[in-house]
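So this block is data_18.txt, compact mmCIF, C-alpha atoms:
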# COMPACT_ATOMS: atom_id res chain seq x y z
CA MET S 1 114.59 50.66 71.20
CA ASP S 2 115.50 51.65 74.77
CA GLY S 3 119.07 50.45 74.57
CA LYS S 4 119.53 52.10 71.21
CA LEU S 5 118.34 55.45 72.53
CA ARG S 6 120.63 55.29 75.55
CA GLU S 7 123.53 54.33 73.35
CA LEU S 8 122.88 57.24 71.00
CA LEU S 9 122.27 59.75 73.82
CA ASP S 10 125.60 58.84 75.40
CA ILE S 11 127.53 59.05 72.15
CA SER S 12 130.79 60.91 72.71
CA GLU S 13 131.12 64.45 71.39
CA ASN S 14 134.82 63.92 70.85
CA ASP S 15 134.15 61.68 67.86
CA PHE S 16 132.60 64.54 65.92
CA ASP S 17 134.13 67.38 63.91
CA VAL S 18 131.53 69.91 65.00
CA VAL S 19 129.16 70.08 67.96
CA VAL S 20 126.59 72.87 68.00
CA ARG S 21 124.56 73.35 71.14
CA ILE S 22 121.02 74.47 70.38
CA THR S 23 119.64 76.85 72.96
CA ARG S 24 118.57 79.90 70.98
CA GLU S 25 116.90 80.36 67.64
CA GLU S 26 120.13 81.77 66.16
CA ASP S 27 121.85 78.45 66.89
CA ILE S 28 119.74 76.87 64.14
CA ALA S 29 121.46 79.09 61.57
CA ILE S 30 124.85 78.26 63.06
CA ALA S 31 124.20 74.51 62.82
CA ARG S 32 123.05 74.93 59.24
CA GLN S 33 126.14 76.92 58.36
CA MET S 34 128.44 74.30 59.90
CA ALA S 35 126.73 71.47 58.03
CA LYS S 36 127.04 73.41 54.81
CA GLN S 37 130.73 73.98 55.34
CA LEU S 38 131.51 70.33 56.13
CA ALA S 39 129.51 69.11 53.13
CA GLN S 40 131.39 71.55 50.93
CA GLU S 41 134.71 70.33 52.32
CA LEU S 42 133.72 66.80 51.36
CA GLY S 43 133.10 67.93 47.81
CA PHE S 44 129.32 67.45 47.75
CA SER S 45 127.45 68.91 44.80
CA LEU S 46 125.66 72.21 45.36
CA ALA S 47 122.28 70.47 45.41
CA ASP S 48 123.46 67.96 48.02
CA VAL S 49 125.10 70.66 50.14
CA THR S 50 121.75 72.42 50.22
CA LYS S 51 119.95 69.19 51.10
CA VAL S 52 122.29 68.47 54.00
CA ALA S 53 122.05 72.07 55.23
CA THR S 54 118.25 71.97 55.01
CA ALA S 55 118.03 68.65 56.86
CA VAL S 56 120.26 69.95 59.66
CA SER S 57 118.19 73.13 59.81
CA GLU S 58 115.09 70.97 60.17
CA LEU S 59 116.59 68.82 62.94
CA ALA S 60 117.91 71.86 64.81
CA ARG S 61 114.53 73.53 64.62
CA ASN S 62 112.85 70.44 65.99
CA ILE S 63 115.20 70.51 68.97
CA TYR S 64 114.56 74.21 69.55
CA ARG S 65 110.81 73.84 69.15
CA TYR S 66 110.08 70.72 71.14
CA ALA S 67 113.00 70.17 73.52
CA GLN S 68 114.26 73.80 73.81
CA THR S 69 117.84 72.58 74.25
CA GLY S 70 119.93 69.87 72.66
CA LYS S 71 122.85 69.45 70.36
CA ILE S 72 123.71 68.81 66.74
CA MET S 73 126.87 66.80 66.09
CA ILE S 74 128.36 66.50 62.63
CA ARG S 75 131.28 64.49 61.31
CA LYS S 76 132.90 63.71 58.00
CA ARG S 77 133.62 60.08 57.22
CA LEU S 78 136.11 59.47 54.43
CA GLU S 79 136.67 55.74 54.87
CA GLU S 80 133.04 54.59 54.52
CA SER S 81 132.58 51.91 51.90
CA GLY S 82 130.00 53.89 49.90
CA GLY S 83 132.33 56.89 49.55
CA PRO S 84 132.80 60.04 51.62
CA THR S 85 129.86 60.48 53.96
CA ILE S 86 128.53 63.17 56.23
CA GLN S 87 126.93 61.99 59.45
CA VAL S 88 124.68 64.09 61.65
CA VAL S 89 123.35 63.24 65.08
CA ALA S 90 120.67 65.45 66.63
CA ALA S 91 120.19 64.63 70.30
CA ASP S 92 117.99 66.12 72.99
CA ARG S 93 116.62 65.13 76.37
CA GLY S 94 113.25 66.66 75.59
CA PRO S 95 109.72 65.26 75.79
CA GLY S 96 110.34 62.46 73.29
CA ILE S 97 108.16 61.24 70.43
CA GLU S 98 105.07 59.20 71.20
CA SER S 99 104.93 57.35 67.91
CA VAL S 100 107.86 57.51 65.52
CA ASP S 101 105.76 55.98 62.76
CA ARG S 102 103.26 58.78 63.07
CA VAL S 103 105.80 61.63 62.81
CA LEU S 104 107.19 59.99 59.71
CA ALA S 105 103.79 60.25 58.06
CA ARG S 106 103.22 63.53 56.30
CA GLY S 107 101.11 66.17 57.97
CA TYR S 108 101.44 65.03 61.58
CA THR S 109 102.47 67.72 64.04
CA THR S 110 101.85 68.80 67.60
CA HIS S 111 103.00 72.34 66.85
CA GLU S 112 100.44 74.90 65.69
CA ARG S 113 102.74 76.70 63.27
CA SER S 114 104.26 73.69 61.60
CA LEU S 115 103.57 71.96 58.33
CA GLY S 116 104.25 68.53 59.84
CA ILE S 117 106.53 67.55 56.98
CA GLY S 118 109.90 68.12 58.66
CA LEU S 119 110.98 64.62 59.67
CA PRO S 120 109.62 62.81 56.62
CA GLY S 121 111.31 65.53 54.59
CA VAL S 122 114.62 64.93 56.34
CA ARG S 123 114.32 61.25 55.60
CA ARG S 124 113.90 61.96 51.91
CA LEU S 125 116.70 64.53 51.79
CA MET S 126 119.24 62.11 53.29
CA ASP S 127 120.37 58.59 52.40
CA PHE S 128 119.95 57.12 55.85
CA CYS S 129 117.73 58.13 58.72
CA GLU S 130 117.25 56.51 62.10
CA ILE S 131 115.11 57.79 64.95
CA ALA S 132 115.25 56.60 68.54
CA SER S 133 112.93 58.20 71.04
CA LYS S 134 111.17 57.57 74.31
CA VAL S 135 108.58 59.77 75.95
CA GLY S 136 110.15 61.54 78.92
CA THR S 137 113.71 60.54 78.04
CA GLY S 138 114.60 62.24 74.81
CA THR S 139 115.04 61.89 71.09
CA VAL S 140 118.01 61.11 68.90
CA VAL S 141 117.93 61.35 65.13
CA ARG S 142 120.89 60.03 63.17
CA VAL S 143 121.16 60.80 59.47
CA GLU S 144 123.76 60.28 56.77
CA LYS S 145 124.42 61.37 53.25
CA ARG S 146 126.98 59.96 50.85
CA ARG S 147 128.80 61.91 48.23
CA ARG S 148 127.37 60.97 44.89
CA LYS S 149 129.70 59.68 42.23
CA PHE S 150 129.52 61.36 38.88
CA MET E 1 153.02 104.44 98.20
CA ASP E 2 153.92 108.10 97.74
CA ASN E 3 153.88 110.35 94.71
CA ASN E 4 157.46 109.55 93.78
CA GLN E 5 156.71 105.86 93.66
CA VAL E 6 153.67 106.60 91.50
CA GLU E 7 155.85 108.50 89.02
CA MET E 8 158.37 105.67 88.94
CA LEU E 9 155.67 103.14 88.32
CA VAL E 10 154.14 105.20 85.52
CA GLU E 11 157.61 105.40 84.00
CA GLU E 12 158.06 101.66 84.26
CA LEU E 13 154.68 100.87 82.66
CA GLU E 14 155.88 102.07 79.23
CA VAL E 15 152.65 103.85 78.48
CA GLY E 16 151.77 104.32 74.84
CA ASN E 17 150.42 107.87 74.91
CA LYS E 18 149.68 110.92 77.05
CA HIS E 19 146.08 109.84 77.62
CA GLU E 20 147.05 106.45 78.96
CA GLU E 21 149.73 108.07 81.16
CA LYS E 22 147.12 110.40 82.63
CA LEU E 23 144.79 107.48 83.37
CA TRP E 24 147.51 105.46 85.09
CA ARG E 25 148.58 108.44 87.18
CA LYS E 26 145.00 109.04 88.24
CA LEU E 27 144.49 105.39 89.10
CA LEU E 28 147.73 105.07 91.08
CA LEU E 29 147.27 108.37 92.90
CA GLY E 30 143.78 107.23 93.82
CA VAL E 31 145.26 104.09 95.34
CA ALA E 32 148.08 106.10 96.97
CA SER E 33 145.60 108.44 98.62
CA GLY E 34 144.87 105.65 101.05
CA ALA E 35 141.11 105.73 100.51
CA THR E 36 139.24 102.50 101.14
CA GLY E 37 135.89 100.90 100.42
CA ASN E 38 133.42 102.96 98.41
CA ASP E 39 135.64 106.05 98.29
CA LEU E 40 138.42 104.11 96.66
CA ARG E 41 136.09 102.47 94.21
CA GLU E 42 134.61 105.79 93.19
CA THR E 43 138.06 107.31 92.57
CA ILE E 44 139.59 104.49 90.57
CA ARG E 45 136.49 103.46 88.68
CA GLU E 46 136.78 106.06 85.94
CA PRO E 47 140.53 105.69 85.16
CA LEU E 48 140.18 101.92 85.27
CA PHE E 49 137.29 102.00 82.81
CA GLY E 50 139.31 104.30 80.56
CA LEU E 51 142.30 101.95 80.65
CA LEU E 52 140.11 98.96 79.91
CA HIS E 53 138.86 100.75 76.81
CA GLU E 54 142.34 101.93 75.85
CA LEU E 55 144.30 98.70 76.37
CA GLY E 56 141.81 95.83 76.29
CA GLU E 57 141.54 93.11 78.93
CA THR E 58 144.80 91.26 78.22
CA ALA E 59 147.19 94.21 78.12
CA LEU E 60 145.55 95.82 81.15
CA GLY E 61 145.88 92.53 83.05
CA ALA E 62 149.60 92.30 82.26
CA LYS E 63 150.27 95.88 83.35
CA LEU E 64 148.17 95.53 86.51
CA LYS E 65 150.21 92.45 87.37
CA LEU E 66 153.37 94.53 87.21
CA VAL E 67 151.81 97.25 89.38
CA ILE E 68 150.71 94.71 91.97
CA GLU E 69 154.16 93.10 92.05
CA ARG E 70 155.83 96.48 92.61
CA THR E 71 153.31 97.64 95.23
CA PRO E 72 152.84 95.26 98.14
CA THR E 73 150.09 97.46 99.59
CA PHE E 74 148.02 97.47 96.40
CA PRO E 75 144.34 96.83 97.26
CA THR E 76 143.91 93.85 94.95
CA ALA E 77 140.84 92.59 96.77
CA GLU E 78 139.03 95.88 96.17
CA LEU E 79 140.07 95.95 92.55
CA LEU E 80 138.84 92.51 91.59
CA PRO E 81 135.06 92.96 91.98
CA LEU E 82 135.34 96.39 90.38
CA ILE E 83 137.06 94.95 87.32
CA LEU E 84 134.47 92.21 87.00
CA GLU E 85 131.78 94.85 87.21
CA LEU E 86 133.44 96.94 84.50
CA CYS E 87 133.87 93.92 82.22
CA GLY E 88 130.20 93.16 82.71
CA GLU E 89 129.36 96.72 81.70
CA LEU E 90 131.51 96.46 78.60
CA ARG E 91 129.83 93.19 77.63
CA HIS E 92 126.45 94.73 78.21
CA ASP E 93 127.41 97.61 75.92
CA SER E 94 128.56 95.32 73.16
CA GLU E 95 125.44 93.17 73.48
CA GLN E 96 123.42 96.35 73.19
CA ALA E 97 125.35 97.26 70.04
CA VAL E 98 124.78 93.82 68.53
CA ARG E 99 121.07 94.06 69.22
CA GLY E 100 121.02 97.48 67.61
CA LEU E 101 122.76 96.10 64.54
CA GLU E 102 120.32 93.20 64.37
CA ARG E 103 117.43 95.62 64.42
CA MET E 104 119.06 97.71 61.72
CA LEU E 105 119.75 94.62 59.63
CA SER E 106 116.17 93.48 59.90
CA GLU E 107 115.01 96.76 58.44
CA LEU E 108 117.74 97.09 55.86
CA ALA E 109 117.55 93.56 54.60
CA THR E 110 113.87 93.57 53.70
CA PRO E 111 113.02 96.58 51.60
CA ILE E 112 109.67 96.70 49.85
CA VAL E 113 110.00 98.42 46.51
CA ARG E 114 107.31 99.67 44.17
CA ILE E 115 108.69 98.69 40.76
CA TRP E 116 105.64 99.41 38.65
CA ALA E 117 102.22 100.92 39.13
CA GLU E 118 100.44 98.54 41.56
CA VAL E 119 103.40 96.12 41.66
CA LEU E 120 105.53 95.65 44.79
CA LEU E 121 108.90 93.88 44.81
CA VAL E 122 110.12 92.13 47.97
CA PRO E 123 113.71 90.95 47.59
CA LEU E 124 114.26 88.54 50.50
CA ILE E 125 117.83 88.19 51.73
CA GLY E 126 119.32 85.75 54.26
CA GLY E 127 117.58 83.13 56.33
CA LEU E 128 113.84 83.35 56.78
CA ASP E 129 113.90 82.41 60.43
CA SER E 130 112.33 84.17 63.29
CA ASP E 131 111.35 87.71 64.05
CA ARG E 132 113.05 89.32 61.08
CA ALA E 133 110.91 87.40 58.62
CA GLN E 134 107.80 87.94 60.73
CA GLY E 135 108.39 91.69 60.75
CA MET E 136 108.86 91.68 56.98
CA ALA E 137 105.56 89.86 56.48
CA GLU E 138 103.70 92.37 58.63
CA ARG E 139 105.19 95.34 56.79
CA LEU E 140 104.41 93.75 53.45
CA LEU E 141 100.76 93.19 54.33
CA GLU E 142 100.53 96.76 55.59
CA ARG E 143 101.99 98.07 52.33
CA VAL E 144 99.75 95.92 50.15
CA SER E 145 96.73 97.19 51.98
CA THR E 146 97.68 100.90 52.00
CA THR E 147 98.98 101.09 48.42
CA ARG E 148 96.25 98.84 47.03
CA ALA E 149 98.94 96.91 45.15
CA LYS E 150 97.61 94.23 42.83
CA VAL E 151 100.74 92.12 42.42
CA VAL E 152 103.54 91.28 44.84
CA VAL E 153 106.77 89.90 43.37
CA VAL E 154 108.73 87.92 45.98
CA ASP E 155 112.35 87.39 44.97
CA VAL E 156 114.19 84.69 46.98
CA THR E 157 117.50 84.91 45.09
CA GLY E 158 119.22 85.96 48.32
CA VAL E 159 117.83 83.09 50.42
CA PRO E 160 120.42 80.32 50.83
CA THR E 161 118.16 77.53 52.12
CA ILE E 162 114.45 77.02 52.53
CA ASP E 163 113.51 74.47 55.19
CA THR E 164 109.97 73.60 56.23
CA ALA E 165 109.83 76.50 58.69
CA ALA E 166 110.92 79.00 56.03
CA GLY E 167 108.63 77.33 53.49
CA GLY E 168 105.73 77.43 55.92
CA PHE E 169 106.41 81.07 56.57
CA LEU E 170 106.38 81.86 52.84
CA ILE E 171 103.14 79.93 52.30
CA GLU E 172 101.48 81.78 55.21
CA THR E 173 102.63 85.12 53.84
CA PHE E 174 101.43 84.28 50.33
CA SER E 175 97.99 83.26 51.62
CA ALA E 176 97.70 86.47 53.63
CA VAL E 177 98.65 88.60 50.62
CA LYS E 178 96.04 86.79 48.52
CA LEU E 179 93.43 87.41 51.20
CA LEU E 180 94.07 91.12 50.71
CA GLY E 181 93.19 90.69 47.05
CA ALA E 182 96.66 90.79 45.52
CA GLU E 183 98.43 88.19 43.42
CA VAL E 184 101.86 86.79 44.26
CA ILE E 185 104.66 85.96 41.84
CA LEU E 186 107.56 83.99 43.26
CA THR E 187 110.94 84.23 41.58
CA GLY E 188 114.62 83.56 42.19
CA LEU E 189 114.35 79.90 43.22
CA LYS E 190 117.78 78.35 42.66
CA PRO E 191 117.99 74.83 41.18
CA GLU E 192 119.40 73.30 44.37
CA ILE E 193 116.61 74.85 46.42
CA ALA E 194 113.99 73.66 43.93
CA HIS E 195 115.24 70.12 44.39
CA THR E 196 115.17 70.40 48.17
CA LEU E 197 111.65 71.83 48.13
CA VAL E 198 110.36 68.89 46.12
CA LYS E 199 112.01 66.43 48.54
CA LEU E 200 110.52 68.26 51.50
CA GLY E 201 107.12 68.32 49.84
CA ILE E 202 106.71 72.09 50.05
CA ASP E 203 104.26 73.17 47.39
CA PHE E 204 104.39 76.71 46.04
CA ARG E 205 101.92 76.07 43.23
CA MET E 206 99.40 78.35 44.91
CA VAL E 207 101.32 81.29 43.43
CA ALA E 208 102.67 82.13 39.99
CA ILE E 209 106.33 81.28 39.46
CA ALA E 210 108.67 83.31 37.26
CA ARG E 211 112.10 82.31 35.94
CA ASP E 212 113.72 85.63 36.80
CA LEU E 213 112.86 89.17 37.75
CA GLU E 214 112.37 90.19 34.15
CA ASP E 215 109.85 87.41 33.61
CA ALA E 216 108.18 88.27 36.92
CA LEU E 217 107.72 91.90 35.92
CA ARG E 218 106.33 90.90 32.55
CA GLN E 219 103.82 88.55 34.21
CA ALA E 220 102.88 91.23 36.72
CA ILE E 221 102.20 93.80 34.02
CA ALA E 222 100.17 91.26 32.10
CA MET E 223 98.06 90.57 35.21
CA ILE E 224 97.40 94.26 35.70
CA GLU E 225 96.53 94.78 32.04
CA GLU E 226 94.09 91.88 32.18
CA GLU E 227 92.47 93.30 35.29
CA ARG E 228 92.11 96.71 33.59
CA SER E 229 90.59 95.37 30.42
CA ARG E 230 88.08 93.52 32.58
CA GLN E 231 87.27 96.76 34.38
CA ARG E 232 86.91 98.59 31.06
CA LYS E 233 84.56 95.93 29.81
CA THR E 234 82.40 96.23 32.92
CA ALA E 235 82.30 99.97 32.53
CA TRP E 236 81.33 99.64 28.86
CA VAL E 237 78.54 97.17 29.66
CA ARG E 238 77.19 99.45 32.34
CA GLY E 239 77.07 102.23 29.79
CA SER E 240 78.11 105.86 29.93
CA ASN E 241 76.84 106.36 33.49
CA PHE E 242 80.19 105.20 34.76
CA PRO E 243 82.66 106.74 32.34
CA SER E 244 85.55 107.03 34.74
CA GLU E 245 85.79 103.44 35.91
CA GLY E 246 87.91 102.04 33.18
CA GLY E 247 89.65 105.19 32.09
CA GLU E 248 91.22 106.56 35.20
CA HIS E 249 94.35 104.41 35.21
CA ASP E 250 94.94 104.41 31.48
CA GLY E 251 98.52 104.52 30.34
CA ILE E 252 101.27 103.26 32.60
Represent the supplied structure as C-alpha cells.
Amino acid sequence: MDGKLRELLDISENDFDVVVRITREEDIAIARQMAKQLAQELGFSLADVTKVATAVSELARNIYRYAQTGKIMIRKRLEESGGPTIQVVAADRGPGIESVDRVLARGYTTHERSLGIGLPGVRRLMDFCEIASKVGTGTVVRVEKRRRKF
Amino acid sequence: MDNNQVEMLVEELEVGNKHEEKLWRKLLLGVASGATGNDLRETIREPLFGLLHELGETALGAKLKLVIERTPTFPTAELLPLILELCGELRHDSEQAVRGLERMLSELATPIVRIWAEVLLVPLIGGLDSDRAQGMAERLLERVSTTRAKVVVVDVTGVPTIDTAAGGFLIETFSAVKLLGAEVILTGLKPEIAHTLVKLGIDFRMVAIARDLEDALRQAIAMIEEERSRQRKTAWVRGSNFPSEGGEHDGI
C-alpha cells in the first residue's frame, strides 16, 4: 500500500488534460465543471456526464473538507481497450484515512455535517475506484469511467 | 527635463484623447518639477492612477517604457513601488466588486414565492454549495414561520448536479421545514440526477415528489384542502361554540 500511495502522489501533472488545485470552496465547482466538460467531449451520455461530475464534486469536497488543499487531475483516454475512458485522480497530503474499508461502508464519517456516503457513492458512480491512503501522509483516489456503448 | 521636453514627449506618445493628454502632461510635469520621495509620489499618484484606468496595464507599460527611454533622469525606482501599489488597489477594487456581485447573486438566485394561499415556491438555481444555499435555507425557514405556510414546493430544475453535500443540505432543510409544521414537495428532478441520487444512496422519500410544477401545485392544493376539511370536521364535532374555526379560510 505504501509504495502505491507514493507512486500515485508523485504522478506527473503533465500527463493530465486538466489539473484543478483545491484550496477554496469555489474550486469544487470548478473541478466539477471541468469534469463535466471533458466527459461531454468524450461523448458520454447525459446521465454519465452527471455521474462523473458528481463523483468529482464528491472527491473535491473530500479534499476541501479533510485535507484543506489538494488537487484534482482529469484526463481523457481514447486508446483504452474498453472504449474512451475518463480518468480522475484526487490527491492530497492531508491527514489520511485510518481504515479504507471503513470509509467504503455506508454511513461512516468523521465530519459532523456529512452523510458518510460520499466515497461508497463515488465507487458506485464510476466503473473503477482505487484508494491509497496512509495516516499522516495523504490520500489518493483514482477513479475511471468508460463510455458506454449503445 | 524642461517643459519643452515634456511637450515633445506628450506629442510622441500618440495619446488617444484630451483626457489622456492631460494626465500625461500632469505626470511628466510632476516628474520634471524635480520633486523627490513622498512629494513626487503624491504628485504623480493621481495621473498615474488615471492612466492605469484609461489605458490598462499593458498599454501603460509600453508607453512608460518609451518615456523612460527618452528621459534618462526618469525616477524609475520611485515609480515602481507606486505602480505596484496602484495595481494592488485596482485588484482590491475588482475583488470588492466580485464579492458584491456574489452577494447580489445569492439574493437574486433564491427567491421565495408565494404561489397559492399557504403555499411557498422555492426555485433553486445553480450549485447548492456553501453559504448561498445556507442563506437560502435560513430565509426559507423564516418565511415558513412568519407566513404560517403549510406547503413548501422546492423546485430543483435549475440545479445541475446534486452530490452528497447538496443532498445532505436538502435533507436537512426538508427536516427543518417539517419541524415547523409544513409539508415539502420536491419537484424538477432531472432523469440523470435521479439516477445519480440512487447510486449515491440519497433518499428523498421523506418528502412528496411531483413530476413537474403543475403536479406539485395540484398536490399542494390537495394537501391544504384536506387539512381544511379536517379542521371543519373538528369544528363541527365541537359544535356551534366554535363557528369560525373551519369557515375563516373558505374559498381560495
Practice item. For Ser145 of chain E, work out the shell of residues within 10 Å, counting all atoms listed in the file and skipping chain neighbours fewer than 4 positions away, then give it as a PyMOL selection string. Key: chain E and resi 139-141+149-150+177+180-182
Practice item. When you get a sec, could you note down which chain S residues fall within 9 Å of chain E, using only C-alpha atoms, as number ranges by chain? Key: S: 25-26, 28-29, 46-51, 53-55, 57-58, 61, 106, 113-125
Review point. Atom CA of Leu186 of chain E and atom CA of Leu121 of chain E, how far apart in Å?
Key: 10.1 Å
Practice item. Report the distance between atom CA of Lys22 of chain E and atom CA of Glu54 of chain E in Å, rounded to one decimal place. Key: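 One can read the atom CA of Lys22 of chain E to atom CA of Glu54 of chain E distance as 11.9 Å.
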Quick one: 5 Å padding each side, axis-aligned, all listed atoms of segment 61-80 of chain S - centre and edge lengths in Å to one decimal, as AutoDock Vina command-line options?
--center_x 123.4 --center_y 64.4 --center_z 64.3 --size_x 36.6 --size_y 29.6 --size_z 29.8
Check your understanding: Given the choices S:Lys134, S:Arg75, S:Arg65, S:Arg24, which gets closest to Glu41 of chain S if the distance is worked out from only C-alpha atoms?
Key ->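 Closest to Glu41 of chain S of all the choices is S:Arg75.
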Check your understanding: From the set S:Leu42, S:Ile131, S:Ala90, S:Ile11, which residue has the shortest atom-to-atom contact distance to Lys145 of chain S, counting all atoms listed in the file?
Key ->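 Checking each of S:Leu42, S:Ile131, S:Ala90, S:Ile11 against Lys145 of chain S, counting all atoms listed in the file, the winner is S:Leu42.
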Review point. For Gln40 of chain S, which residue out of S:Gly107, S:Glu13, S:Arg147, S:Cys129 is the nearest one, using all atoms listed in the file?
Key: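 Of all the options, S:Arg147 lies closest to Gln40 of chain S.
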Practice item. State, in Å with one decimal place, the distance from atom CA of Ala67 of chain S to atom CA of Thr139 of chain S. Key: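 The value is 8.9 Å.
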Taking the point (95.4, 91.1, 41.2) as given in the file, collect each protein or nucleic acid residue that comes within 12 Å of it, counting only C-alpha atoms, and present the set as a CSV table (one decimal) with C-alpha atoms, in the coordinates of the input.
chain,number,residue,atom,x,y,z
E,118,GLU,CA,100.4,98.5,41.6
E,119,VAL,CA,103.4,96.1,41.7
E,120,LEU,CA,105.5,95.6,44.8
E,144,VAL,CA,99.8,95.9,50.2
E,148,ARG,CA,96.2,98.8,47.0
E,149,ALA,CA,98.9,96.9,45.2
E,150,LYS,CA,97.6,94.2,42.8
E,151,VAL,CA,100.7,92.1,42.4
E,152,VAL,CA,103.5,91.3,44.8
E,153,VAL,CA,106.8,89.9,43.4
E,177,VAL,CA,98.6,88.6,50.6
E,178,LYS,CA,96.0,86.8,48.5
E,179,LEU,CA,93.4,87.4,51.2
E,180,LEU,CA,94.1,91.1,50.7
E,181,GLY,CA,93.2,90.7,47.0
E,182,ALA,CA,96.7,90.8,45.5
E,183,GLU,CA,98.4,88.2,43.4
E,184,VAL,CA,101.9,86.8,44.3
E,185,ILE,CA,104.7,86.0,41.8
E,207,VAL,CA,101.3,81.3,43.4
E,208,ALA,CA,102.7,82.1,40.0
E,219,GLN,CA,103.8,88.6,34.2
E,220,ALA,CA,102.9,91.2,36.7
E,221,ILE,CA,102.2,93.8,34.0
E,222,ALA,CA,100.2,91.3,32.1
E,223,MET,CA,98.1,90.6,35.2
E,224,ILE,CA,97.4,94.3,35.7
E,225,GLU,CA,96.5,94.8,32.0
E,226,GLU,CA,94.1,91.9,32.2
E,227,GLU,CA,92.5,93.3,35.3
E,228,ARG,CA,92.1,96.7,33.6
E,230,ARG,CA,88.1,93.5,32.6
